[in-house]
Amino acid sequence: MELGPRIIFYIGSVPISETVCWSVIVSLAILLFAFLATRKMQTVPHGAQLLGEMLVGFVYKMVKDVMGDVSEKFAPYCGTLIVFLGLGSMLGLLDFRPITSDLNCTFPLALVTFVLIHYNAVKAQTGIGYIKELSSPYPFMLPLNIISDSMFPVTLACRIFGNILAGVILMGLVYSGLHTASAAVVNIFADVPRESVIPFFQIGWPLILNFWFDMFEPILQAYIFVMLTMVFIDNGRHPVES
C-alpha cells in the first residue's frame, strides 16, 4: 500500500502527482456542471439548473446563518470549497486516491483561508485595532496569540487530511485482509497463489465501510472545513470585546 500519491508524469524535472491530475479533473467537472446548469436558464428550473439552484441556495443560506450580512461576499468561495473538497474526497468510490488524503492539496487551501481570515480582520479593525486584539487581554499575549494563529492552517489542513487518509488506509487493510482470507479458504482445497484467487469475501459487506469513508466522511469533513472557515473569518471581522 502506497501512503503517498503516485507520480503520474514529469514536466521537465517537476513531478506531477495523481493529486494534481485529479484536482484538475475535479475542477473541470465543476466548471462543466456550472456551464450546463446556466447554459439555458429557465423560469421553471429542471435537471442541472434545478440541482445547481438547490446547491447555491443551500450554500447562501448556510453562509448567511453564520456570517450574516456579508454572505454574498463569501458564499462563492465557501460554495466552491465545499464542492471541491467533497468531490475530491469521494474519489475512493471510483477506487482512486482522494485528493484530500494529500497535504499538498489541503494545506494550500487552508493557507487561502488563513489569508482571508487575517486580511478581513485587518480590513474590519484596521492594523492598530488588529494588533490590540492580538494583545488582549495583556500585551505579553501578543507573541502567544501570533503563534496560536499561525498554527490554524496546519490544524485545518491536517484535520481533513488525517480523517480521509485514515479511511484510505483502513479500507486498504480491510480489502487486503479479505483477499488473504479468501486465499486461505481456497488453499484448504487447492494450492493456488494468492494473486490468482478471486477475493470473494470482498463482495457485499465492505459497502457499509465504503459508504462511511467514501461518502459520509467526505461530506462531513468538507462541511467542517468550510464551517471553520466561515466562523474564523466572521470572528476576525467581529472580535469579542474584552
# chains A, B, ... in the order shown; residues from 1 in each chain; ligands from 1
$ residues_around --residues "Ser176 of chain A" --least-positions-apart "4" --cutoff "10 Å" --atoms "only C-alpha atoms" --output "mmCIF file with C-alpha atoms, in the first residue's frame"
data_model
loop_
_atom_site.group_PDB
_atom_site.id
_atom_site.type_symbol
_atom_site.label_atom_id
_atom_site.label_comp_id
_atom_site.auth_asym_id
_atom_site.auth_seq_id
_atom_site.Cartn_x
_atom_site.Cartn_y
_atom_site.Cartn_z
ATOM 1 C CA MET A 1 0.000 0.000 0.000
ATOM 2 C CA LEU A 170 -8.318 1.333 6.782
ATOM 3 C CA MET A 171 -10.162 0.385 3.586
ATOM 4 C CA GLY A 172 -6.886 -0.828 2.077
ATOM 5 C CA THR A 180 -5.962 -13.022 2.280
ATOM 6 C CA ALA A 181 -8.927 -14.711 3.977
ATOM 7 C CA SER A 182 -10.331 -15.712 0.583
ATOM 8 C CA PRO A 199 -11.402 -12.272 -3.320
ATOM 9 C CA GLN A 202 -14.798 -8.645 -0.577
#
$ residues_around --residues "Gly79 of chain A" --least-positions-apart "4" --cutoff "8 Å" --atoms "only C-alpha atoms" --output "list in words"
Val56, Val59, Ala75 and Val83 of chain A
$ write_last_selection --atoms "N, CA and C atoms" --output "short mmCIF file (atom, residue, chain, number, x, y, z; two decimals), in the first residue's frame"
data_model
loop_
_atom_site.label_atom_id
_atom_site.label_comp_id
_atom_site.auth_asym_id
_atom_site.auth_seq_id
_atom_site.Cartn_x
_atom_site.Cartn_y
_atom_site.Cartn_z
N VAL A 56 -26.78 26.20 -4.73
CA VAL A 56 -26.48 27.61 -4.45
C VAL A 56 -27.34 28.13 -3.30
N VAL A 59 -25.92 26.83 -0.01
CA VAL A 59 -24.67 27.48 0.38
C VAL A 59 -24.93 28.89 0.89
N ALA A 75 -19.98 33.65 0.03
CA ALA A 75 -20.67 32.43 -0.39
C ALA A 75 -20.02 31.75 -1.61
N VAL A 83 -17.78 22.07 -2.42
CA VAL A 83 -17.99 21.15 -3.55
C VAL A 83 -16.67 20.50 -3.96
#
$ closest_atom_pairs --of "segment 173-227 of chain A" --to "segment 149-159 of chain A" --cutoff "10 Å" --atoms "only C-alpha atoms" --output "CSV"
residue,atom,partner,partner_atom,distance
A:Gln221,CA,A:Arg159,CA,8.0
A:Ile224,CA,A:Arg159,CA,9.2
A:Phe225,CA,A:Leu156,CA,6.8
A:Val226,CA,A:Leu156,CA,9.9
$ closest_residue --among "A:Thr19, A:Asn163, A:Ser135, A:Gln125" --to "Asn235 of chain A" --atoms "only C-alpha atoms"
A:Gln125
$ residues_around --residues "Ala48 of chain A" --least-positions-apart "6" --cutoff "10 Å" --atoms "only C-alpha atoms" --output "ChimeraX atom specification"
/A:33-39,41,54
$ select_by_dssp --residues "segment 1-217 of chain A" --states "alpha helix (DSSP H)" --output "PyMOL selection string"
chain A and resi 18-38+48-67+71-89+103-135+141-150+152-189+206-211+217
$ atom_distance --atom1 "atom CA of Thr126 of chain A" --atom2 "atom CA of Pro108 of chain A"
25.9 Å
$ atom_distance --atom1 "atom CA of Leu28 of chain A" --atom2 "atom CA of Leu87 of chain A"
11.8 Å
$ residues_around --residues "Phe213 of chain A" --least-positions-apart "5" --cutoff "9 Å" --atoms "only C-alpha atoms" --output "PyMOL selection string"
chain A and resi 90+92+163-164+166-168+171+208+218
$ closest_residue --among "A:Ile117, A:Leu165, A:Val185, A:Val174" --to "Ile99 of chain A" --atoms "only C-alpha atoms"
A:Leu165
$ atom_distance --atom1 "atom CA of Pro76 of chain A" --atom2 "atom CA of Leu93 of chain A"
26.6 Å
$ residues_around --residues "Leu134 of chain A" --least-positions-apart "2" --cutoff "12 Å" --atoms "only C-alpha atoms" --output "list in words"
His118, Ala121, Val122, Gln125, Gly127, Ile128, Gly129, Tyr130, Ile131, Lys132, Ser136, Pro137, Tyr138, Pro139, Phe140, Met141, Leu142, Pro143, Leu144, Asn145, Ile146, Ile147, Ser148, Asp149, Gly236, Pro239, Val240, Glu241 and Ser242 of chain A
$ closest_residue --among "A:Leu178, A:Gly162, A:Lys73, A:Met215" --to "Val197 of chain A" --atoms "only C-alpha atoms"
A:Leu178
$ select_by_dssp --residues "chain A" --states "strand (DSSP E or B)" --output "short mmCIF file (atom, residue, chain, number, x, y, z; two decimals) with N, CA and C atoms, in the first residue's frame"
data_model
loop_
_atom_site.label_atom_id
_atom_site.label_comp_id
_atom_site.auth_asym_id
_atom_site.auth_seq_id
_atom_site.Cartn_x
_atom_site.Cartn_y
_atom_site.Cartn_z
N ILE A 7 3.39 9.41 -8.60
CA ILE A 7 3.81 10.37 -9.62
C ILE A 7 3.35 9.83 -10.97
N ILE A 8 2.56 10.62 -11.68
CA ILE A 8 1.99 10.18 -12.95
C ILE A 8 2.94 10.47 -14.11
N PHE A 9 3.47 11.69 -14.14
CA PHE A 9 4.42 12.05 -15.20
C PHE A 9 5.24 13.25 -14.72
N TYR A 10 6.18 13.65 -15.57
CA TYR A 10 7.04 14.78 -15.25
C TYR A 10 6.92 15.85 -16.33
N ILE A 11 6.95 17.09 -15.90
CA ILE A 11 7.10 18.21 -16.82
C ILE A 11 8.49 18.77 -16.58
N VAL A 14 9.85 18.59 -12.95
CA VAL A 14 8.77 18.79 -11.98
C VAL A 14 7.83 17.58 -12.00
N PRO A 15 7.72 16.87 -10.88
CA PRO A 15 6.82 15.70 -10.84
C PRO A 15 5.36 16.14 -10.73
N ILE A 16 4.50 15.48 -11.49
CA ILE A 16 3.05 15.74 -11.45
C ILE A 16 2.39 14.50 -10.84
N SER A 17 1.83 14.67 -9.65
CA SER A 17 1.25 13.54 -8.93
C SER A 17 -0.20 13.33 -9.31
#
